[in-house]
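So this block is coords31.txt, compact mmCIF, C-alpha atoms:
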# COMPACT_ATOMS: atom_id res chain seq x y z
CA MET A 3 -4.09 20.90 11.70
CA ILE A 4 -2.15 17.74 10.92
CA GLU A 5 -1.25 16.61 7.41
CA ILE A 6 -1.37 12.85 6.97
CA ARG A 7 0.93 11.60 4.26
CA LEU A 8 1.39 8.20 2.72
CA PRO A 9 4.03 6.41 4.79
CA ARG A 10 7.03 4.63 3.41
CA PHE A 11 5.99 1.46 1.62
CA PRO A 12 6.82 -1.79 3.46
CA GLU A 13 10.49 -2.70 3.27
CA CYS A 14 9.61 -6.13 1.89
CA TRP A 15 8.47 -4.43 -1.34
CA GLU A 16 12.09 -3.41 -2.00
CA THR A 17 13.64 -6.81 -1.31
CA CYS A 18 11.06 -9.04 -2.99
CA GLY A 19 9.65 -6.62 -5.51
CA ASN A 20 6.69 -8.80 -6.45
CA CYS A 21 3.96 -6.90 -4.57
CA GLY A 22 5.25 -3.40 -5.16
CA GLN A 23 5.72 -3.54 -8.90
CA GLY A 24 3.67 -1.19 -11.01
CA GLU A 25 1.41 1.65 -9.98
CA VAL A 26 0.04 2.03 -6.48
CA LEU A 27 -3.62 3.04 -6.69
CA VAL A 28 -6.13 4.24 -4.13
CA LEU A 29 -8.62 1.38 -4.10
CA GLU A 30 -10.99 2.81 -1.46
CA VAL A 31 -11.33 6.01 0.55
CA HIS A 32 -12.90 5.23 3.92
CA VAL A 33 -13.34 8.78 5.29
CA LYS A 34 -14.87 12.11 4.29
CA PRO A 35 -14.67 15.64 5.71
CA GLY A 36 -16.40 15.83 9.07
CA ASP A 37 -15.69 12.21 10.02
CA VAL A 38 -14.12 11.64 13.43
CA VAL A 39 -11.26 9.13 13.31
CA ARG A 40 -9.38 7.37 16.07
CA HIS A 41 -5.73 6.44 16.03
CA ASP A 42 -5.35 3.44 13.69
CA ASP A 43 -8.72 3.85 11.92
CA ASN A 44 -8.30 3.04 8.22
CA LEU A 45 -8.21 6.11 6.00
CA ILE A 46 -7.64 4.51 2.60
CA THR A 47 -6.88 1.15 1.01
CA LEU A 48 -4.14 0.94 -1.60
CA GLU A 49 -3.87 -1.65 -4.35
CA THR A 50 -0.80 -2.67 -6.33
CA GLY A 51 -2.34 -5.32 -8.53
CA LYS A 52 -1.05 -8.05 -6.25
CA VAL A 53 -1.82 -6.83 -2.74
CA ALA A 54 -4.21 -4.49 -0.91
CA LEU A 55 -2.82 -2.42 1.95
CA ASP A 56 -4.82 -0.39 4.49
CA ILE A 57 -3.36 2.95 5.56
CA PRO A 58 -4.37 3.85 9.14
CA SER A 59 -4.55 7.26 10.73
CA PRO A 60 -1.51 8.04 12.91
CA HIS A 61 -3.63 10.51 14.93
CA ALA A 62 -7.15 10.91 16.31
CA GLY A 63 -9.21 13.88 15.15
CA THR A 64 -11.80 15.24 12.75
CA VAL A 65 -11.18 14.92 9.01
CA VAL A 66 -11.03 18.42 7.51
CA GLU A 67 -9.99 17.50 3.95
CA VAL A 68 -9.43 14.32 1.96
CA CYS A 69 -6.75 14.85 -0.67
CA VAL A 70 -7.01 11.59 -2.66
CA SER A 71 -9.81 9.89 -4.58
CA GLU A 72 -10.47 6.31 -5.56
CA GLY A 73 -8.43 5.48 -8.65
CA ASP A 74 -5.67 8.02 -7.93
CA THR A 75 -2.06 6.90 -8.38
CA VAL A 76 -0.02 7.69 -5.27
CA SER A 77 3.56 7.47 -4.09
CA GLU A 78 5.40 7.68 -0.80
CA GLY A 79 4.84 11.04 0.90
CA ALA A 80 1.61 11.86 -0.96
CA LEU A 81 -0.83 13.95 1.06
CA ILE A 82 -3.80 11.76 2.05
CA ALA A 83 -5.80 14.01 4.36
CA ARG A 84 -5.74 16.85 6.82
CA ILE A 85 -7.23 16.38 10.27
CA ASP A 86 -7.93 18.62 13.22
CA ALA A 87 -6.25 16.67 16.01
CA GLN A 88 -8.07 16.11 19.28

What do you get writing this file as structure tokens?
Amino acid sequence: MIEIRLPRFPECWETCGNCGQGEVLVLEVHVKPGDVVRHDDNLITLETGKVALDIPSPHAGTVVEVCVSEGDTVSEGALIARIDAQ
């Protein structure tokens, strides 16, 4: 079982600050338990009010649990999903 967590936000958010200001929300959840994902398939889309950012899966496998919902506020390191790696 692999836990997939929200990666570090892009470094440009720290230097510019325009895109990364305010809350980071889960705009869309693209997977559900039982879905088979490949490496780099999009799991969720985040929204900051100024930019949307897709978060891909770092591993292939079967989604066992999705730990976020649309509208949730998230931060770096938040648990997104658990997958059974293939």

What is the distance, in Å and to one decimal place, between CA of Ile82 (chain A) and CA of Cys69 (chain A)?
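That distance, rounded to one decimal, is 5.1 Å.
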
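Straight-line separation from CA of Ile4 (chain A) to CA of Thr75 (chain A): 22.1 Å.
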
Taking only C-alpha atoms into account, name the residue in A:Asp56, A:Asp43, A:Glu49, A:Glu67 that is nearest to Leu81 (chain A).
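Going through A:Asp56, A:Asp43, A:Glu49, A:Glu67 one by one, the smallest distance to Leu81 (chain A) is for A:Glu67.
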
Could you tell me how far CA of Ala87 (chain A) lies from CA of Ile57 (chain A), in Å and to one decimal?
17.5 Å

Given the point (-7.4, 6.4, 14.4) in the coordinates of this file, which residues lie within 8 Å, counting all atoms listed in the file, and how would they look as a PyMOL selection string?
chain A and resi 39-44+58-63

Go through A:Val26, A:Gly79, A:Val65, A:Thr50 one by one, measure the shortest atom-to-atom distance of each to Val38 (chain A) using all atoms listed in the file, and give the residue with the smallest value.
A:Val65

Neighbours of Leu48 (chain A) within 6 Å (all atoms listed in the file; same-chain residues fewer than 2 positions away dropped), as a PyMOL selection string?
chain A and resi 27-29+54-55

A:Glu5, A:Val66, A:Arg84, A:Gly73: which is nearest Gly36 (chain A), counting all atoms listed in the file?
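Among the listed residues, A:Val66 lies closest to Gly36 (chain A).
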